[in-house]
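Asker: Below are the structure tokens for one structure; questions will follow.
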Amino acid sequence: MMGSGNGNITIGYVWGIPIQINPSLFLILALLTWTLAGGLLPAAYPEMSDLGRWLTALLTALLFFASILFHELAHAWVARRNSIPVVSVTLYIFGGIAQLGGKAKTPGAEFRIAAVGPASSIFLAAVFYGINQGFGDRGYLGASSEWLAFINLILAFFNLLPGYPLDGGRILESIVWGFTRKQETGVKVAGTAGQIIAYGLMAIGAFRAFQGDIIGGIWMIMIGFILHNAATTEKKAFLQQGQLAGTQVSQVMGIVREPEVPAGLTLQLLVEQHILGRGQGSFIVTAAGNPVGILNLRDVSQVPRTDWDQMTTGDVMTPLTDLPRVGPNDELLTAVQLMDANQLLQLPVFDGSRLAGLLTRDEVIHHLRLRSEAGV
Ligand SMILES: [Zn+2]
């Protein structure tokens, strides 16, 4: 439900897709293990040893995360079968996300990619229920398998709520898209439904908190907030993509080429002469007159002030060789997707082998604002 941010740890690869975990997961793993070892297991098996209790709790918590991974990999598998590349699979505090490198081209593909998630969770619930029935309480597997069956069922039904960013929202989008033949209508309906569901969760959370269930209530309000943000962002991003379509990089890139600064210039002088003196924010760094890298205010602000007289523009620039490049006639949408994927504020634009200038995020935002004010 969130984008792939910084700080995630890659723990392995499946089908060449990096599997990442967010560091917050360790905290949740510890909390969940502690809760299971302190509540579920002693209630079911009062005679269980401490070591057995903790190990079973840890195993159960790990199987819970494996269940979420299974759910996300099911999305990834069907996405790949529908020729949509999968960038990464990330596990977060509230579940997982399979980051896709494109959108489904047909409502049918969108439906299949979304629906397989809840289906896989229902499948897992059935497997754990089977284990529970087959093995019973032998080896203390009973309580854990019952809990895992139950939690996977909850996951399936929660994800089926028909609003963004949940799977049910994507299913709703695909159905509306299929009937109206307009994806935009599907996105708007699923986005609004997601916002309504989020408000519903917050209202129920507030009600529960007033009833005395403070922790449970606050959790629901928090989940509501996160869902509301995600639903709003997703709706906006889609509508923005529509606005970007058909526009070329050259139509948005500034006419004035960014100022050049030599690679040996200290940051102190850069700040004094260019940033404070002329209000410039983006630079092309040159060596022997040739462009070698780019630099912006963010790069400078990340260096402690005390180092500004020793560090040079060459030390903090991003080398051109490390950056993806676009041409003036490329689609603006492609350029923005490259910026998003690499978390860049600017992108070098090459006209053949010549650096024509930089496309900055500010220019893209400015362009979108002008278009929305002009109503086109
Ligand atoms: Zn899902």
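For the structure tokens, the naming scheme is as follows: chains receive sequential letters (A, B, ...) according to their order of presentation, residues are indexed from 1 within each chain, and ligands are indexed from 1 in presentation order.
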DSSP says helix (DSSP H, G or I) for which residues of range 96-144 of chain A? Put them as number ranges by chain?
Answerer: A: 107-135, 138-144
Asker: Can I get the selected residues back with N, CA, C and O atoms, as a short mmCIF file (atom, residue, chain, number, x, y, z; two decimals), in the first residue's frame?
Answerer:
data_model
loop_
_atom_site.label_atom_id
_atom_site.label_comp_id
_atom_site.auth_asym_id
_atom_site.auth_seq_id
_atom_site.Cartn_x
_atom_site.Cartn_y
_atom_site.Cartn_z
N PRO A 107 -9.21 -4.61 -18.31
CA PRO A 107 -9.89 -4.83 -17.03
C PRO A 107 -9.75 -6.28 -16.56
O PRO A 107 -9.67 -6.53 -15.35
N GLY A 108 -9.70 -7.21 -17.51
CA GLY A 108 -9.56 -8.62 -17.15
C GLY A 108 -8.26 -8.88 -16.41
O GLY A 108 -8.22 -9.56 -15.39
N ALA A 109 -7.16 -8.32 -16.95
CA ALA A 109 -5.85 -8.51 -16.31
C ALA A 109 -5.84 -7.87 -14.93
O ALA A 109 -5.37 -8.46 -13.95
N GLU A 110 -6.41 -6.65 -14.83
CA GLU A 110 -6.47 -5.96 -13.54
C GLU A 110 -7.24 -6.81 -12.52
O GLU A 110 -6.82 -6.96 -11.38
N PHE A 111 -8.34 -7.39 -12.97
CA PHE A 111 -9.17 -8.22 -12.09
C PHE A 111 -8.37 -9.43 -11.60
O PHE A 111 -8.35 -9.72 -10.40
N ARG A 112 -7.70 -10.13 -12.54
CA ARG A 112 -6.98 -11.35 -12.16
C ARG A 112 -5.85 -11.05 -11.18
O ARG A 112 -5.65 -11.77 -10.19
N ILE A 113 -5.08 -9.99 -11.47
CA ILE A 113 -3.93 -9.65 -10.61
C ILE A 113 -4.42 -9.33 -9.19
O ILE A 113 -3.81 -9.72 -8.20
N ALA A 114 -5.57 -8.62 -9.10
CA ALA A 114 -6.08 -8.23 -7.78
C ALA A 114 -6.70 -9.42 -7.06
O ALA A 114 -6.44 -9.65 -5.88
N ALA A 115 -7.50 -10.19 -7.77
CA ALA A 115 -8.32 -11.23 -7.12
C ALA A 115 -7.47 -12.38 -6.59
O ALA A 115 -7.85 -13.04 -5.61
N VAL A 116 -6.31 -12.63 -7.20
CA VAL A 116 -5.51 -13.77 -6.76
C VAL A 116 -4.98 -13.56 -5.34
O VAL A 116 -4.68 -14.53 -4.64
N GLY A 117 -4.88 -12.30 -4.89
CA GLY A 117 -4.37 -12.03 -3.54
C GLY A 117 -5.28 -12.62 -2.46
O GLY A 117 -4.88 -13.52 -1.71
N PRO A 118 -6.54 -12.13 -2.38
CA PRO A 118 -7.47 -12.70 -1.40
C PRO A 118 -7.67 -14.20 -1.61
O PRO A 118 -7.78 -14.96 -0.63
N ALA A 119 -7.66 -14.64 -2.87
CA ALA A 119 -7.84 -16.09 -3.13
C ALA A 119 -6.69 -16.87 -2.49
O ALA A 119 -6.92 -17.93 -1.89
N SER A 120 -5.46 -16.34 -2.59
CA SER A 120 -4.32 -17.05 -2.02
C SER A 120 -4.41 -17.08 -0.49
O SER A 120 -4.00 -18.05 0.15
N SER A 121 -4.95 -16.01 0.11
CA SER A 121 -5.09 -15.99 1.58
C SER A 121 -6.16 -16.99 2.03
O SER A 121 -6.01 -17.64 3.07
N ILE A 122 -7.24 -17.12 1.24
CA ILE A 122 -8.28 -18.09 1.58
C ILE A 122 -7.70 -19.51 1.44
O ILE A 122 -7.95 -20.38 2.29
N PHE A 123 -6.88 -19.70 0.41
CA PHE A 123 -6.21 -20.99 0.22
C PHE A 123 -5.35 -21.34 1.44
O PHE A 123 -5.42 -22.44 1.99
N LEU A 124 -4.57 -20.35 1.91
CA LEU A 124 -3.71 -20.58 3.08
C LEU A 124 -4.55 -20.88 4.33
O LEU A 124 -4.19 -21.74 5.13
N ALA A 125 -5.66 -20.15 4.47
CA ALA A 125 -6.55 -20.39 5.62
C ALA A 125 -7.01 -21.85 5.59
O ALA A 125 -7.03 -22.52 6.64
N ALA A 126 -7.34 -22.34 4.40
CA ALA A 126 -7.79 -23.73 4.26
C ALA A 126 -6.66 -24.71 4.62
O ALA A 126 -6.89 -25.71 5.31
N VAL A 127 -5.43 -24.38 4.17
CA VAL A 127 -4.29 -25.25 4.47
C VAL A 127 -4.06 -25.32 5.99
O VAL A 127 -3.92 -26.41 6.55
N PHE A 128 -4.06 -24.16 6.64
CA PHE A 128 -3.83 -24.16 8.09
C PHE A 128 -4.99 -24.83 8.84
O PHE A 128 -4.78 -25.50 9.85
N TYR A 129 -6.20 -24.68 8.31
CA TYR A 129 -7.35 -25.35 8.93
C TYR A 129 -7.18 -26.86 8.79
O TYR A 129 -7.44 -27.62 9.74
N GLY A 130 -6.70 -27.28 7.61
CA GLY A 130 -6.45 -28.71 7.38
C GLY A 130 -5.41 -29.25 8.35
O GLY A 130 -5.58 -30.34 8.93
N ILE A 131 -4.33 -28.49 8.54
CA ILE A 131 -3.29 -28.90 9.49
C ILE A 131 -3.90 -29.02 10.88
O ILE A 131 -3.66 -29.99 11.61
N ASN A 132 -4.72 -28.02 11.22
CA ASN A 132 -5.36 -28.02 12.54
C ASN A 132 -6.22 -29.26 12.74
O ASN A 132 -6.17 -29.91 13.78
N GLN A 133 -7.00 -29.61 11.71
CA GLN A 133 -7.89 -30.77 11.82
C GLN A 133 -7.10 -32.07 11.79
O GLN A 133 -7.42 -33.01 12.50
N GLY A 134 -6.04 -32.10 10.97
CA GLY A 134 -5.27 -33.33 10.80
C GLY A 134 -4.40 -33.66 12.00
O GLY A 134 -4.32 -34.81 12.43
N PHE A 135 -3.77 -32.63 12.55
CA PHE A 135 -2.80 -32.89 13.62
C PHE A 135 -3.36 -32.61 15.00
O PHE A 135 -2.84 -33.10 16.00
N ARG A 138 -1.51 -32.36 18.73
CA ARG A 138 -0.23 -33.05 18.81
C ARG A 138 0.91 -32.09 18.54
O ARG A 138 0.88 -31.33 17.56
N GLY A 139 1.93 -32.08 19.37
CA GLY A 139 3.09 -31.21 19.16
C GLY A 139 2.72 -29.74 19.28
O GLY A 139 3.40 -28.90 18.73
N TYR A 140 1.66 -29.45 20.00
CA TYR A 140 1.27 -28.06 20.25
C TYR A 140 1.00 -27.27 18.97
O TYR A 140 1.20 -26.07 18.92
N LEU A 141 0.62 -27.96 17.88
CA LEU A 141 0.37 -27.24 16.63
C LEU A 141 -1.05 -26.68 16.55
O LEU A 141 -1.34 -25.85 15.71
N GLY A 142 -1.90 -27.16 17.43
CA GLY A 142 -3.32 -26.82 17.33
C GLY A 142 -3.61 -25.33 17.40
O GLY A 142 -4.20 -24.77 16.48
N ALA A 143 -3.16 -24.69 18.49
CA ALA A 143 -3.51 -23.28 18.69
C ALA A 143 -2.93 -22.41 17.58
O ALA A 143 -3.60 -21.52 17.04
N SER A 144 -1.66 -22.69 17.18
CA SER A 144 -1.01 -21.87 16.15
C SER A 144 -1.69 -22.02 14.80
O SER A 144 -1.95 -21.03 14.12
#
Asker: May I have the residues within 12 Å of ligand 1, computed using only C-alpha atoms and all ligand atoms, as JSON, numbers by chain?
Answerer: {"A": [1, 67, 68, 69, 70, 71, 72, 73, 74, 75, 76, 78, 79, 89, 90, 91, 94, 95, 96, 97, 98, 99, 111, 112, 113, 114, 115, 116, 117, 118, 119, 120, 121, 122, 152, 155, 156, 157, 158, 159, 160, 161, 164, 165, 166, 167, 168, 169, 170, 171]}
Asker: So which residues touch Met220 in chain A within 8 Å, counting only C-alpha atoms, skipping near sequence neighbours fewer than 5 positions away, as an NGL selection string?
Answerer: :A and (201-202 or 204-205)
Asker: Take the residues from that selection and write them out as an mmCIF file, in the first residue's frame, keeping C-alpha atoms.
Answerer:
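Listing of result38.cif after writing:
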data_model
loop_
_atom_site.group_PDB
_atom_site.id
_atom_site.type_symbol
_atom_site.label_atom_id
_atom_site.label_comp_id
_atom_site.auth_asym_id
_atom_site.auth_seq_id
_atom_site.Cartn_x
_atom_site.Cartn_y
_atom_site.Cartn_z
ATOM 1 C CA LEU A 201 -12.785 2.602 9.858
ATOM 2 C CA MET A 202 -11.854 5.843 11.623
ATOM 3 C CA ILE A 204 -15.633 2.696 14.140
ATOM 4 C CA GLY A 205 -12.202 3.177 15.745
#
Asker: With distances taken over only C-alpha atoms, which residue among A:Arg208, A:Lys105, A:Arg298, A:Lys235 lies nearest Thr192 in chain A?
Answerer: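 Comparing A:Arg208, A:Lys105, A:Arg298, A:Lys235 against Thr192 in chain A, the winner is A:Lys235.
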Asker: Separation of CA of Val271 in chain A and CA of Asn290 in chain A, in Å?
Answerer: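 CA of Asn290 in chain A lies 21.7 Å from CA of Val271 in chain A.
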Asker: For each of A:Leu368, A:Ile11, A:Leu62, A:Leu323, take the minimum atom-to-atom distance to Pro348 in chain A, counting only C-alpha atoms, then give the residue where this is smallest.
Answerer: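 Under the stated criterion, the closest residue is A:Leu323.
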Asker: Ranking A:Leu27, A:Leu370, A:Val14, A:Leu148 by minimum distance to Val87 in chain A and counting only C-alpha atoms, which one comes first?
Answerer: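 Looking at the shortest contact to Val87 in chain A, the residue is A:Val14.
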Asker: Which residue is closest to Asn329 in chain A? Choose from A:Ile284, A:Leu347, A:Leu295, A:Val249 and count only C-alpha atoms.
Answerer: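 Among the listed residues, the smallest separation from Asn329 in chain A belongs to A:Val249.
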Asker: Please, which residues of range 264-334 of chain A, numbered as in this document, come out strand (DSSP E or B) from DSSP, as a ChimeraX atom specification?
Answerer: /A:266,282-287,290-296,312,318-319,326,331
Asker: For Asp50 in chain A, please output as a short mmCIF file (atom, residue, chain, number, x, y, z; two decimals) with all heavy atoms, in the first residue's frame all residues within 9 Å (counting only C-alpha atoms; exclusion window: fewer than 4 positions along the same chain).
Answerer:
data_model
loop_
_atom_site.label_atom_id
_atom_site.label_comp_id
_atom_site.auth_asym_id
_atom_site.auth_seq_id
_atom_site.Cartn_x
_atom_site.Cartn_y
_atom_site.Cartn_z
N ALA A 37 3.24 -15.56 22.72
CA ALA A 37 3.85 -16.33 23.82
C ALA A 37 3.20 -15.99 25.15
O ALA A 37 3.21 -16.79 26.09
CB ALA A 37 5.35 -16.05 23.88
N TRP A 54 8.06 -19.87 23.61
CA TRP A 54 8.68 -18.78 22.84
C TRP A 54 9.02 -19.23 21.41
O TRP A 54 8.80 -18.50 20.46
CB TRP A 54 9.94 -18.26 23.55
CG TRP A 54 9.58 -17.36 24.69
CD1 TRP A 54 9.57 -17.68 26.02
CD2 TRP A 54 9.12 -16.00 24.60
NE1 TRP A 54 9.15 -16.61 26.77
CE2 TRP A 54 8.86 -15.57 25.93
CE3 TRP A 54 8.89 -15.13 23.55
CZ2 TRP A 54 8.40 -14.29 26.21
CZ3 TRP A 54 8.43 -13.85 23.83
CH2 TRP A 54 8.18 -13.45 25.15
N LEU A 55 9.54 -20.46 21.28
CA LEU A 55 9.89 -20.95 19.95
C LEU A 55 8.64 -21.12 19.09
O LEU A 55 8.62 -20.74 17.91
CB LEU A 55 10.65 -22.28 20.05
CG LEU A 55 12.11 -22.16 20.52
CD1 LEU A 55 12.76 -23.54 20.59
CD2 LEU A 55 12.90 -21.24 19.59
#
Asker: Residues at most 8 Å from range 343-346 of chain A, counting only C-alpha atoms, excluding those fewer than 4 positions away in the same chain, as a VMD selection string?
Answerer: chain A and resid 339 358 to 361
Asker: Name the residues in contact with range 236-241 of chain A at a cut-off of 9 Å, using only C-alpha atoms, excluding same-chain residues fewer than 3 positions from it; report them as a PyMOL selection string.
Answerer: chain A and resi 184+187-188+191+231-233+244-245+333+368
Asker: So which one's closest to Gln243 in chain A, A:Arg278, A:His367, A:Pro324, A:Met222? Using only C-alpha atoms, please.
Answerer: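 Residue with the minimum atom-to-atom distance to Gln243 in chain A: A:His367.
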Asker: Determine the nearest neighbour of Ala341 in chain A from the options A:Gly39, A:Gly216, A:Gly101, A:Pro18, counting only C-alpha atoms.
Answerer: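 Residue with the minimum atom-to-atom distance to Ala341 in chain A: A:Gly101.
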Asker: Could you work out how far CA of Ile223 in chain A lies from CA of Ala209 in chain A, giving the answer in Å with one decimal?
Answerer: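 So the answer is 14.1 Å.
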